[in-house]
Amino acid sequence: MSLSKKHFIKDMQAGEEVKGLFLLTAAQLLQARNGPFWRLELQDSTGVQDAKIWSPQSQAYSELAPGMFVEVNGRATLYRERLDVVIDHLRVLDEDETAKLDLSEFLPSAARKPEEMYSELVELVRSVITHPPLRKLVLAILQDKDIQPKLLVAVGAKSVHHAYCGGLLQHILAVCNLTMAIADRYPNLDRQILLAGAVCHDIGKLWEISSGLVPDYTDSGRMLGHIQLGLQMLEPFMAQSGLEPELCLHLRHLILSHHGLAEYGSPKPPMTAEALVLHHADNIDAKLAQIEEVLSGAGVEPGHWSAYQKFLDRYLYAPIATPTDAHSRVRKKAEGKEMQCSLLSKE
């Protein structure tokens, strides 16, 4: 078989044959009534798909593990309203075959280039943060020789939302832009410390989740979490920046409270207006990313429902969009021309 990838997860349809190359991101040997079976996750650049190898075929594979590239033959089926792949045959690619693969076909990535998003983020910091110690602090973090390369490729989460290369940077930039849009509406907000908090709120994820073909939680990520790791990372940068103690305290609080509630992993609730804004901006971007990934990833057509979403604790509906009013477009165009004529006549 050719090692070029031709079958992608986004194109899978129930009842169709599945034949192609995928990356294993999860593999568990479990027990069913009729014998052992493999529960797998197949991944390519378009998404992740659950798959099963049932007994007795499952017994032909003694060891399957995340990070393996596999050639799959099977069929897509529907199980409890969710697409599932039943594998009839699976072959693990050897090292020579793996070396010939184009990894970009197997690793989901952000729609925008990370370098482009990074430049936009740095420019936003330069344009908004004018207080020298705070500006020095945030730019030192973003331009650090250890942090910058990690930030360009880091995932935003192991699963749920922004779980792809460049996802963390995409999420941070989106939260920064949201907080600045809110600050435009509420001028009493301290937009400089708010932006600093938005840049730094999830920076601990660089140490919480490992990079590589199959990102997973690190030991420190599991035991401490990204909020604590982010605060630890911040300390030496604050010490060298000369930032006032009261601003250091506020920045720490922004990071510490951005999950909002204790049941969501937040050590403290937001206690300043800026902390409240950051929490909601973070939550909005995460939730909308989840919804978009569910509806587009599963190909839910307008007017239809998704399968039940455990992390959101609900079904999702793809609404039918409001039709574009052709008459309204014509009317606005005519009004525009009338306004132009009026202005010209006044001149």
# chains A, B, ... in the order shown; residues from 1 in each chain; ligands from 1
>>> select_by_dssp(residues="region 170-321 of chain A", states="alpha helix (DSSP H)", output="PyMOL selection string")
chain A and resi 170-185+191-200+205-208+219-223+226-241+245-256+273-297
>>> closest_atom_pairs(of="region 181-209 of chain A", to="region 265-286 of chain A", cutoff="8 Å", atoms="only C-alpha atoms", output="Markdown table")
| residue | atom | partner | partner_atom | distance |
| --- | --- | --- | --- | --- |
| A:Ile182 | CA | A:Val277 | CA | 7.7 |
| A:Leu189 | CA | A:Glu274 | CA | 6.4 |
| A:Asp190 | CA | A:Glu274 | CA | 7.0 |
| A:Ile193 | CA | A:Glu274 | CA | 7.9 |
| A:Leu194 | CA | A:Glu274 | CA | 5.7 |
| A:Gly197 | CA | A:Leu278 | CA | 7.5 |
| A:Ala198 | CA | A:Leu278 | CA | 6.5 |
>>> residues_around(residues="Trp207 (chain A)", least_positions_apart="5", cutoff="10 Å", atoms="only C-alpha atoms", output="count of residues only")
13
>>> residues_around(residues="Leu247 (chain A)", least_positions_apart="2", cutoff="12 Å", atoms="only C-alpha atoms", output="PyMOL selection string")
chain A and resi 131+133-134+137+190+192-194+196-197+238+241-245+249-254
>>> closest_residue(among="A:Glu71, A:Pro114, A:Ala239, A:Leu107", to="Asp94 (chain A)", atoms="only C-alpha atoms")
A:Glu71
>>> closest_atom_pairs(of="region 16-40 of chain A", to="region 77-92 of chain A", cutoff="10 Å", atoms="only C-alpha atoms", output="tab-separated table")
residue	atom	partner	partner_atom	distance
A:Glu16	CA	A:Thr77	CA	7.9
A:Glu17	CA	A:Val85	CA	9.2
A:Val18	CA	A:Val85	CA	7.6
A:Lys19	CA	A:Ile87	CA	9.5
A:Gly20	CA	A:Leu90	CA	9.9
A:Leu21	CA	A:Arg91	CA	9.5
A:Phe22	CA	A:Val92	CA	9.9
A:Leu23	CA	A:Val92	CA	9.8
A:Leu24	CA	A:Val92	CA	9.7
A:Trp38	CA	A:Ile87	CA	9.6
A:Arg39	CA	A:Val86	CA	9.9
A:Leu40	CA	A:Val85	CA	9.3
>>> write_last_selection(atoms="C-alpha atoms", output="JSON list (two decimals), in the first residue's frame")
[["chain", "number", "residue", "atom", "x", "y", "z"],
["A", 16, "GLU", "CA", -18.65, 3.28, 4.41],
["A", 17, "GLU", "CA", -15.37, 1.41, 4.26],
["A", 18, "VAL", "CA", -12.46, 2.88, 6.21],
["A", 19, "LYS", "CA", -9.07, 2.20, 4.67],
["A", 20, "GLY", "CA", -6.01, 4.33, 5.37],
["A", 21, "LEU", "CA", -3.25, 5.54, 7.65],
["A", 22, "PHE", "CA", -3.79, 7.01, 11.11],
["A", 23, "LEU", "CA", -1.95, 7.91, 14.30],
["A", 24, "LEU", "CA", -2.97, 6.04, 17.45],
["A", 38, "TRP", "CA", -9.19, -3.06, 21.78],
["A", 39, "ARG", "CA", -10.58, 0.42, 22.29],
["A", 40, "LEU", "CA", -8.61, 2.85, 20.13]]
>>> atom_distance(atom1="CA of Asn188 (chain A)", atom2="CA of Leu139 (chain A)")
24.3 Å
>>> closest_atom_pairs(of="region 90-138 of chain A", to="region 44-62 of chain A", cutoff="8 Å", atoms="only C-alpha atoms", output="JSON lines")
{"residue": "A:Ser104", "atom": "CA", "partner": "A:Ser45", "partner_atom": "CA", "distance": 6.7}
{"residue": "A:Glu105", "atom": "CA", "partner": "A:Ser45", "partner_atom": "CA", "distance": 5.0}
{"residue": "A:Phe106", "atom": "CA", "partner": "A:Asp44", "partner_atom": "CA", "distance": 3.6}
{"residue": "A:Leu107", "atom": "CA", "partner": "A:Ser45", "partner_atom": "CA", "distance": 4.6}
{"residue": "A:Pro108", "atom": "CA", "partner": "A:Ser45", "partner_atom": "CA", "distance": 4.0}
{"residue": "A:Ser109", "atom": "CA", "partner": "A:Ser45", "partner_atom": "CA", "distance": 7.0}
>>> write_last_selection(atoms="N, CA and C atoms", output="compact mmCIF listing (two decimals), in the first residue's frame")
# COMPACT_ATOMS: atom_id res chain seq x y z
N SER A 104 2.32 16.41 9.06
CA SER A 104 1.27 17.44 9.07
C SER A 104 -0.09 16.85 8.72
N GLU A 105 -0.11 15.66 8.08
CA GLU A 105 -1.38 15.01 7.75
C GLU A 105 -2.01 14.30 8.94
N PHE A 106 -1.25 14.19 10.04
CA PHE A 106 -1.72 13.42 11.19
C PHE A 106 -1.88 14.28 12.45
N LEU A 107 -1.35 15.49 12.44
CA LEU A 107 -1.39 16.34 13.63
C LEU A 107 -2.31 17.53 13.39
N PRO A 108 -3.43 17.61 14.10
CA PRO A 108 -4.30 18.78 13.98
C PRO A 108 -3.54 20.05 14.34
N SER A 109 -3.82 21.13 13.66
CA SER A 109 -3.13 22.38 13.94
C SER A 109 -4.09 23.55 13.77
>>> closest_residue(among="A:Ile203, A:Ala307, A:Ile172, A:Ala65", to="Glu120 (chain A)", atoms="only C-alpha atoms")
A:Ile172
>>> residues_around(residues="Thr98 (chain A)", least_positions_apart="5", cutoff="10 Å", atoms="only C-alpha atoms", output="list in words")
Leu3, Met68, Phe69, Val70, Val92, Leu93 and Leu103 of chain A
>>> write_last_selection(atoms="N, CA and C atoms", output="short mmCIF file (atom, residue, chain, number, x, y, z; two decimals), in the first residue's frame")
data_model
loop_
_atom_site.label_atom_id
_atom_site.label_comp_id
_atom_site.auth_asym_id
_atom_site.auth_seq_id
_atom_site.Cartn_x
_atom_site.Cartn_y
_atom_site.Cartn_z
N LEU A 3 2.15 4.94 0.99
CA LEU A 3 2.15 5.59 2.30
C LEU A 3 1.57 7.00 2.24
N MET A 68 1.85 5.15 17.89
CA MET A 68 2.08 4.27 16.74
C MET A 68 1.29 4.78 15.52
N PHE A 69 1.89 4.63 14.34
CA PHE A 69 1.17 4.88 13.10
C PHE A 69 0.68 3.54 12.58
N VAL A 70 -0.59 3.50 12.15
CA VAL A 70 -1.19 2.23 11.76
C VAL A 70 -1.92 2.35 10.43
N VAL A 92 0.75 -2.18 12.14
CA VAL A 92 1.59 -1.12 12.69
C VAL A 92 2.73 -0.84 11.71
N LEU A 93 2.91 0.42 11.34
CA LEU A 93 4.00 0.80 10.43
C LEU A 93 5.34 0.68 11.14
N LEU A 103 4.02 14.28 8.56
CA LEU A 103 3.38 14.37 9.88
C LEU A 103 2.27 15.40 9.92
#
>>> closest_residue(among="A:Val138, A:Asn177, A:Arg314, A:Gly260", to="Gln240 (chain A)", atoms="only C-alpha atoms")
A:Val138
>>> residues_around(residues="Leu195 (chain A)", least_positions_apart="6", cutoff="9 Å", atoms="only C-alpha atoms", output="list in words")
Leu124, Val125, Val128, Ile129, Val175, Cys176, Asn177, Thr179, Met180 and Leu278 of chain A
>>> write_last_selection(atoms="C-alpha atoms", output="mmCIF file, in the first residue's frame")
data_model
loop_
_atom_site.group_PDB
_atom_site.id
_atom_site.type_symbol
_atom_site.label_atom_id
_atom_site.label_comp_id
_atom_site.auth_asym_id
_atom_site.auth_seq_id
_atom_site.Cartn_x
_atom_site.Cartn_y
_atom_site.Cartn_z
ATOM 1 C CA LEU A 124 -0.921 44.008 20.872
ATOM 2 C CA VAL A 125 1.219 44.014 24.027
ATOM 3 C CA VAL A 128 -1.525 48.543 24.974
ATOM 4 C CA ILE A 129 0.984 48.108 27.800
ATOM 5 C CA VAL A 175 -8.781 35.889 25.170
ATOM 6 C CA CYS A 176 -6.537 38.955 24.832
ATOM 7 C CA ASN A 177 -8.691 40.362 22.038
ATOM 8 C CA THR A 179 -10.668 41.382 27.098
ATOM 9 C CA MET A 180 -9.580 44.432 25.090
ATOM 10 C CA LEU A 278 -10.619 37.603 32.331
#
>>> atom_distance(atom1="CA of Glu95 (chain A)", atom2="CA of Ile9 (chain A)")
23.5 Å
>>> closest_residue(among="A:Leu256, A:Ala110, A:Leu312, A:Val300", to="Leu288 (chain A)", atoms="only C-alpha atoms")
A:Leu312
